[in-house]
>>> print(open('query-v2.txt').read())   # compact mmCIF, C-alpha atoms and all ligand atoms
# COMPACT_ATOMS: atom_id res chain seq x y z
CA MET Z 1 8.84 13.67 15.12
CA PRO Z 2 5.60 15.29 16.32
CA HIS Z 3 3.59 13.75 19.12
CA LEU Z 4 0.57 11.92 17.80
CA ILE Z 5 -2.57 10.95 19.70
CA ALA Z 6 -4.38 7.80 18.58
CA PRO Z 7 -7.67 7.16 20.42
CA SER Z 8 -8.49 3.47 20.61
CA VAL Z 9 -11.79 2.60 18.94
CA LEU Z 10 -12.09 -0.36 21.32
CA SER Z 11 -13.38 2.05 23.97
CA ALA Z 12 -15.97 3.66 21.67
CA ASN Z 13 -19.71 3.22 21.98
CA PHE Z 14 -20.50 0.51 19.40
CA ALA Z 15 -24.21 1.21 19.67
CA ASN Z 16 -23.51 4.63 18.20
CA LEU Z 17 -20.15 4.33 16.52
CA GLN Z 18 -20.89 7.07 14.03
CA ALA Z 19 -21.19 9.69 16.76
CA ASP Z 20 -17.84 8.69 18.26
CA ILE Z 21 -16.13 8.64 14.85
CA GLU Z 22 -17.40 12.13 14.09
CA MET Z 23 -16.22 13.31 17.47
CA ILE Z 24 -12.72 12.01 16.70
CA ASN Z 25 -12.86 13.53 13.18
CA ASN Z 26 -13.52 16.93 14.75
CA SER Z 27 -10.92 16.57 17.47
CA GLU Z 28 -7.17 17.09 17.69
CA ALA Z 29 -6.59 13.33 17.40
CA ASP Z 30 -4.21 12.19 14.67
CA TRP Z 31 -5.19 8.57 14.00
CA PHE Z 32 -7.91 6.06 14.81
CA HIS Z 33 -6.29 3.11 16.63
CA VAL Z 34 -8.13 -0.07 15.66
CA ASP Z 35 -7.58 -3.20 17.77
CA VAL Z 36 -8.26 -6.51 16.07
CA MET Z 37 -8.22 -9.57 18.35
CA ASP Z 38 -8.65 -13.18 17.33
CA GLY Z 39 -9.40 -14.90 20.64
CA VAL Z 40 -6.31 -17.09 20.16
CA PHE Z 41 -3.27 -14.82 20.25
CA VAL Z 42 -5.07 -12.87 22.96
CA PRO Z 43 -7.92 -14.07 25.20
CA ASN Z 44 -10.48 -11.71 23.69
CA ILE Z 45 -12.32 -11.16 20.40
CA SER Z 46 -12.98 -7.61 19.23
CA PHE Z 47 -14.13 -6.95 15.66
CA GLY Z 48 -13.03 -7.46 12.08
CA PHE Z 49 -13.59 -6.38 8.50
CA PRO Z 50 -17.23 -5.19 8.56
CA VAL Z 51 -16.53 -2.75 11.40
CA LEU Z 52 -13.32 -1.54 9.78
CA LYS Z 53 -15.12 -0.97 6.47
CA SER Z 54 -17.79 1.08 8.24
CA LEU Z 55 -15.11 3.08 9.99
CA GLN Z 56 -13.36 3.75 6.71
CA LYS Z 57 -16.51 5.29 5.24
CA LEU Z 58 -16.72 7.89 8.00
CA ALA Z 59 -13.19 8.38 9.30
CA LYS Z 60 -11.30 11.43 8.12
CA LYS Z 61 -8.05 10.40 9.78
CA PRO Z 62 -5.75 7.43 9.16
CA LEU Z 63 -6.78 4.01 10.43
CA ASP Z 64 -3.94 2.52 12.48
CA VAL Z 65 -4.72 -1.19 12.64
CA HIS Z 66 -3.19 -3.19 15.50
CA LEU Z 67 -3.48 -6.91 14.77
CA MET Z 68 -3.47 -9.16 17.81
CA ILE Z 69 -3.85 -12.28 15.69
CA TYR Z 70 -1.78 -15.27 14.66
CA ASN Z 71 -0.71 -15.61 11.03
CA PRO Z 72 -1.03 -11.89 10.21
CA PHE Z 73 0.43 -12.37 6.71
CA ALA Z 74 -2.74 -14.08 5.53
CA TYR Z 75 -4.88 -11.07 6.46
CA ILE Z 76 -2.83 -8.13 5.20
CA GLU Z 77 -4.60 -7.81 1.89
CA PRO Z 78 -8.15 -7.89 3.27
CA PHE Z 79 -7.22 -5.38 5.96
CA ILE Z 80 -5.83 -3.02 3.35
CA GLN Z 81 -8.99 -3.45 1.31
CA ALA Z 82 -11.01 -2.68 4.41
CA GLY Z 83 -9.17 0.64 4.81
CA ALA Z 84 -6.04 0.17 6.94
CA ASP Z 85 -3.45 2.96 6.55
CA SER Z 86 -0.96 1.22 8.79
CA ILE Z 87 -0.80 -2.40 9.87
CA THR Z 88 1.00 -3.47 13.03
CA PHE Z 89 1.39 -7.13 13.95
CA HIS Z 90 3.11 -8.84 16.89
CA VAL Z 91 6.63 -10.23 16.71
CA GLU Z 92 5.32 -13.07 18.92
CA ALA Z 93 2.57 -13.98 16.43
CA THR Z 94 4.55 -15.14 13.40
CA GLU Z 95 7.83 -16.63 12.29
CA ASP Z 96 7.70 -14.62 9.05
CA VAL Z 97 8.39 -11.19 10.51
CA GLU Z 98 10.63 -9.94 7.71
CA GLU Z 99 8.41 -11.23 4.92
CA THR Z 100 5.30 -9.75 6.54
CA LEU Z 101 6.86 -6.29 7.07
CA GLN Z 102 8.15 -6.23 3.50
CA TYR Z 103 4.79 -7.26 2.11
CA ILE Z 104 2.94 -4.55 4.06
CA ARG Z 105 5.36 -1.94 2.72
CA ARG Z 106 5.07 -3.24 -0.83
CA CYS Z 107 1.34 -2.59 -0.52
CA SER Z 108 2.15 1.09 0.24
CA VAL Z 109 0.83 0.88 3.77
CA LYS Z 110 2.87 1.73 6.89
CA ALA Z 111 4.38 -1.36 8.49
CA GLY Z 112 4.40 -1.73 12.26
CA LEU Z 113 5.82 -4.31 14.64
CA ALA Z 114 4.38 -4.76 18.14
CA VAL Z 115 6.08 -6.28 21.16
CA ASN Z 116 4.53 -7.54 24.39
CA PRO Z 117 5.72 -6.19 27.77
CA GLU Z 118 7.73 -9.28 28.67
CA THR Z 119 9.30 -9.83 25.23
CA SER Z 120 12.93 -8.79 24.87
CA LEU Z 121 13.77 -5.89 22.58
CA SER Z 122 16.46 -8.05 21.02
CA LEU Z 123 13.69 -9.81 19.11
CA VAL Z 124 12.61 -6.65 17.27
CA LEU Z 125 15.88 -4.75 16.80
CA PRO Z 126 16.93 -6.75 13.71
CA TYR Z 127 13.73 -5.67 11.92
CA LEU Z 128 13.58 -1.97 12.74
CA THR Z 129 14.96 -0.82 9.38
CA LEU Z 130 11.94 -2.52 7.80
CA CYS Z 131 9.43 -0.78 10.10
CA ASP Z 132 7.64 2.54 10.03
CA LEU Z 133 6.26 1.99 13.50
CA LEU Z 134 7.28 0.13 16.64
CA LEU Z 135 4.50 -0.52 19.13
CA LEU Z 136 5.60 -1.22 22.70
CA MET Z 137 2.71 -2.74 24.61
CA THR Z 138 2.46 -1.17 28.05
CA VAL Z 139 -0.11 -3.78 29.19
CA HIS Z 140 -0.69 -7.42 28.28
CA PRO Z 141 -2.66 -7.17 25.05
CA GLY Z 142 -6.30 -8.17 24.92
CA PHE Z 143 -8.22 -5.72 27.04
CA GLY Z 144 -8.61 -2.00 27.52
CA GLY Z 145 -8.78 -0.47 30.96
CA GLN Z 146 -5.60 -1.94 32.47
CA LEU Z 147 -2.88 -0.05 34.36
CA MET Z 148 0.24 0.88 32.44
CA LYS Z 149 3.27 -1.24 33.26
CA GLU Z 150 5.88 1.30 34.32
CA GLU Z 151 8.76 -1.08 33.64
CA VAL Z 152 8.08 -0.89 29.88
CA LEU Z 153 9.25 2.74 29.92
CA GLU Z 154 12.79 1.45 30.32
CA LYS Z 155 12.36 -0.40 27.05
CA VAL Z 156 11.07 2.78 25.42
CA THR Z 157 14.19 4.63 26.61
CA ASP Z 158 16.46 1.84 25.35
CA VAL Z 159 14.85 1.57 21.94
CA ARG Z 160 14.83 5.36 21.50
CA ALA Z 161 18.57 5.40 22.19
CA TRP Z 162 19.08 2.53 19.76
CA ILE Z 163 17.19 4.18 16.93
CA GLU Z 164 19.01 7.48 17.45
CA GLN Z 165 22.30 5.65 17.35
CA HIS Z 166 21.24 3.97 14.11
CA LYS Z 167 19.91 7.23 12.64
CA LEU Z 168 16.36 5.95 12.30
CA SER Z 169 14.65 8.62 14.43
CA GLU Z 170 13.15 10.41 11.47
CA LYS Z 171 11.76 7.21 9.97
CA LEU Z 172 10.35 5.26 12.88
CA GLU Z 173 7.43 6.16 15.14
CA ILE Z 174 7.52 4.76 18.67
CA GLN Z 175 4.06 3.96 19.91
CA VAL Z 176 2.94 3.05 23.44
CA ASP Z 177 -0.37 1.29 23.97
CA GLY Z 178 -2.18 0.32 27.15
CA GLY Z 179 -3.11 2.31 30.24
CA ILE Z 180 -1.89 5.62 28.84
CA ASP Z 181 -3.42 8.60 30.64
CA LEU Z 182 -2.60 12.19 31.55
CA THR Z 183 -0.52 11.23 34.55
CA ASN Z 184 1.88 8.96 32.64
CA THR Z 185 1.88 10.85 29.30
CA PRO Z 186 4.88 13.00 30.34
CA ARG Z 187 6.90 9.91 31.34
CA CYS Z 188 6.08 8.15 28.06
CA VAL Z 189 7.17 11.17 26.02
CA GLN Z 190 10.29 11.72 28.09
CA ALA Z 191 11.24 8.08 27.59
CA GLY Z 192 10.95 8.60 23.83
CA ALA Z 193 7.45 7.58 22.69
CA ASN Z 194 5.88 9.85 20.09
CA VAL Z 195 2.58 8.06 19.41
CA LEU Z 196 0.21 7.69 22.34
CA VAL Z 197 -2.65 5.22 22.07
CA ALA Z 198 -5.38 5.73 24.65
CA GLY Z 199 -8.83 4.26 25.13
CA THR Z 200 -10.26 4.27 28.63
CA SER Z 201 -8.58 7.48 29.79
CA LEU Z 202 -10.01 9.46 26.86
CA TYR Z 203 -13.45 7.87 26.48
CA GLY Z 204 -13.88 7.85 30.25
CA LYS Z 205 -14.01 11.64 30.28
CA ALA Z 206 -17.29 13.49 29.79
CA ASP Z 207 -15.76 15.54 26.97
CA LEU Z 208 -13.75 13.29 24.64
CA GLN Z 209 -12.47 16.12 22.48
CA ALA Z 210 -11.27 18.13 25.47
CA ALA Z 211 -9.56 15.00 26.84
CA ILE Z 212 -7.68 14.54 23.55
CA ALA Z 213 -6.62 18.20 23.52
CA GLU Z 214 -5.45 17.90 27.11
CA MET Z 215 -3.37 14.79 26.35
CA ARG Z 216 -1.76 16.63 23.44
CA GLN Z 217 -0.92 19.58 25.71
CA HIS Z 218 0.66 17.22 28.24
CA ALA Z 219 2.67 15.53 25.48
CA ASN Z 220 3.85 18.80 23.98
CA ALA Z 221 4.82 20.16 27.38
CA SER Z 222 7.07 17.14 28.01
CA ARG Z 223 10.33 16.70 26.21
CA LEU Z 224 12.40 13.72 25.39
CA LYS Z 225 15.07 13.38 28.10
CA LYS Z 226 18.53 13.32 26.53
C1 LIG Z 301 -5.07 -3.55 24.36
C2 LIG Z 301 -5.20 -2.71 23.12
C3 LIG Z 301 -5.23 -1.26 23.39
C4 LIG Z 301 -6.39 -0.79 24.23
C5 LIG Z 301 -5.94 0.43 24.98
O1 LIG Z 301 -4.76 -4.83 24.01
O2 LIG Z 301 -4.13 -2.94 22.23
O3 LIG Z 301 -5.16 -0.49 22.19
O4 LIG Z 301 -7.52 -0.47 23.47
O5 LIG Z 301 -6.92 0.76 25.86
P1 LIG Z 301 -6.64 1.47 27.25
O6 LIG Z 301 -6.12 2.85 26.93
O7 LIG Z 301 -7.94 1.47 27.89
O8 LIG Z 301 -5.59 0.66 27.98
ZN ZN Z 302 -3.86 -1.52 20.49
>>> encode(input="query-v2.txt", output="C-alpha cells", more="lines below")
Ligand code: DX5
Ligand code: ZN
Amino acid sequence: MPHLIAPSVLSANFANLQADIEMINNSEADWFHVDVMDGVFVPNISFGFPVLKSLQKLAKKPLDVHLMIYNPFAYIEPFIQAGADSITFHVEATEDVEETLQYIRRCSVKAGLAVNPETSLSLVLPYLTLCDLLLLMTVHPGFGGQLMKEEVLEKVTDVRAWIEQHKLSEKLEIQVDGGIDLTNTPRCVQAGANVLVAGTSLYGKADLQAAIAEMRQHANASRLKK
C-alpha cells in the first residue's frame, strides 16, 4: 500500500481555515485528518458538524474523521452527511464495535477502528476483517503537540505481522497518530504504518507544503522491515 500523509486539521489556523484548506488542497497531502473530541471520552473539545461541513465545501481530498467520542454509532449518519469519507472510532468508546463497523461500511464509507496506546491489540484483532483502517494512537488522545510514544511501534510491528499472516495487507491501512514528525517517520514506516497523521510537526514549519513533501520523501525512503 502507498504511504499516505494526513495533516491534522486540529493544528490549522481556525481564524483563517480557508487558507489552510487551500494549502492542503495544493500540497502532496492525501487526506484531511479531522479530530472530533467530545470532552468526555477525552479531556478536550474540538469541533463538530458546522466545521466539518465548511471543510467539505472547500476540501478537494478525502475527509478522514477520527471520532474521540462515546457512543459513536449515534453520530455516524450526521458525520456522513457532513462529508466524512472515512470514520474511525475507538474500541474503548463502545460495546457495539462490530455493529458500528458494519454500519459505517453499509453507508459506503471507510470504517476505521482506533486503539489507545495502553490498550491491548487483542481487543481489536477480532474486528480487523471488518475494518478498512486501523488507527494506532501514538499519544494519549485529546491534544496535539505531544511526543510520540516509542513503545507503540512494537504494536505497529505486531499488527503488521498479524495482518500479513491473515492476508489482509491489501485491504487494511495502518495509521499512526500523535507526535509524528520527520525524525520518527522512518521508524513508523519500518514498523509497518502506511498512513501518517501529523499536526504540530507540519503546521509548525514556515512552509506547510514543503513540510508535507519532506515527510512523504522520508516515508518513501524508508521501507517496511521484513
Ligand atoms: C490527538 C489527535 C491527533 C493530533 C495529532 O488526540 O488524534 O490527530 O491532532 O497532532 P500532533 O501531530 O500534533 O500530535
Ligand atoms: Zn487524530
>>> residues_around(input="query-v2.txt", residues="Gly39 in chain Z", least_positions_apart="2", cutoff="12 Å", atoms="only C-alpha atoms", output="PyMOL selection string")
chain Z and resi 36-37+41-48+67-70+141-143
>>> residues_around(input="query-v2.txt", residues="Met1 in chain Z", least_positions_apart="2", cutoff="9 Å", atoms="only C-alpha atoms", output="short mmCIF file (atom, residue, chain, number, x, y, z; two decimals) with C-alpha atoms, in the coordinates of the input")
data_model
loop_
_atom_site.label_atom_id
_atom_site.label_comp_id
_atom_site.auth_asym_id
_atom_site.auth_seq_id
_atom_site.Cartn_x
_atom_site.Cartn_y
_atom_site.Cartn_z
CA HIS Z 3 3.59 13.75 19.12
CA LEU Z 4 0.57 11.92 17.80
CA SER Z 169 14.65 8.62 14.43
CA GLU Z 170 13.15 10.41 11.47
CA LYS Z 171 11.76 7.21 9.97
CA LEU Z 172 10.35 5.26 12.88
CA GLU Z 173 7.43 6.16 15.14
CA ASN Z 194 5.88 9.85 20.09
#
>>> residues_near_ligand(input="query-v2.txt", ligand="ligand LIG 301 (chain Z)", cutoff="8 Å", atoms="all atoms listed in the file", output="PyMOL selection string")
chain Z and resi 7-11+33-35+66+68+137+139-148+177-181+197-202
>>> closest_residue(input="query-v2.txt", among="Z:Gln81, Z:Ser122, Z:Thr138, Z:Gln209", to="Asn184 in chain Z", atoms="only C-alpha atoms")
Z:Thr138
>>> closest_residue(input="query-v2.txt", among="Z:His90, Z:Lys149, Z:Lys205, Z:Arg216", to="ligand ZN 302 (chain Z)", atoms="only C-alpha atoms and all ligand atoms")
Z:His90
>>> closest_residue(input="query-v2.txt", among="Z:Phe49, Z:Ala6, Z:Val176, Z:Ile21", to="Ala191 in chain Z", atoms="all atoms listed in the file")
Z:Val176
>>> residues_around(input="query-v2.txt", residues="range 91-93 of chain Z", least_positions_apart="4", cutoff="9 Å", atoms="all atoms listed in the file", output="ChimeraX atom specification")
/Z:41,68-72,97,113-116,119,123-124
>>> closest_residue(input="query-v2.txt", among="Z:Arg223, Z:Lys110, Z:Lys53, Z:Lys60", to="Gly192 in chain Z", atoms="only C-alpha atoms")
Z:Arg223
>>> residues_near_point(input="query-v2.txt", point="(15.6, 4.1, 15.1)", cutoff="10 Å", atoms="all atoms listed in the file", output="list in words")
Leu125, Leu128, Thr129, Cys131, Asp132, Leu133, Leu134, Val159, Arg160, Ala161, Trp162, Ile163, Glu164, Gln165, His166, Lys167, Leu168, Ser169, Glu170, Lys171, Leu172, Glu173 and Ile174 of chain Z
>>> residues_around(input="query-v2.txt", residues="Pro50 in chain Z", least_positions_apart="5", cutoff="12 Å", atoms="all atoms listed in the file", output="ChimeraX atom specification")
/Z:36,55-57,78-79,81-83
>>> atom_distance(input="query-v2.txt", atom1="CA of Leu182 in chain Z", atom2="CA of Leu17 in chain Z")
24.4 Å
>>> closest_residue(input="query-v2.txt", among="Z:Leu135, Z:Gln190, Z:Asp85, Z:Ile5", to="ligand ZN 302 (chain Z)", atoms="all atoms listed in the file")
Z:Leu135
>>> atom_distance(input="query-v2.txt", atom1="CA of Ile87 in chain Z", atom2="CA of Asp158 in chain Z")
23.6 Å
>>> atom_distance(input="query-v2.txt", atom1="CA of Tyr103 in chain Z", atom2="CA of Val65 in chain Z")
15.4 Å
>>> closest_residue(input="query-v2.txt", among="Z:Val40, Z:Leu153, Z:Ile104, Z:Ala29", to="Gln217 in chain Z", atoms="all atoms listed in the file")
Z:Ala29
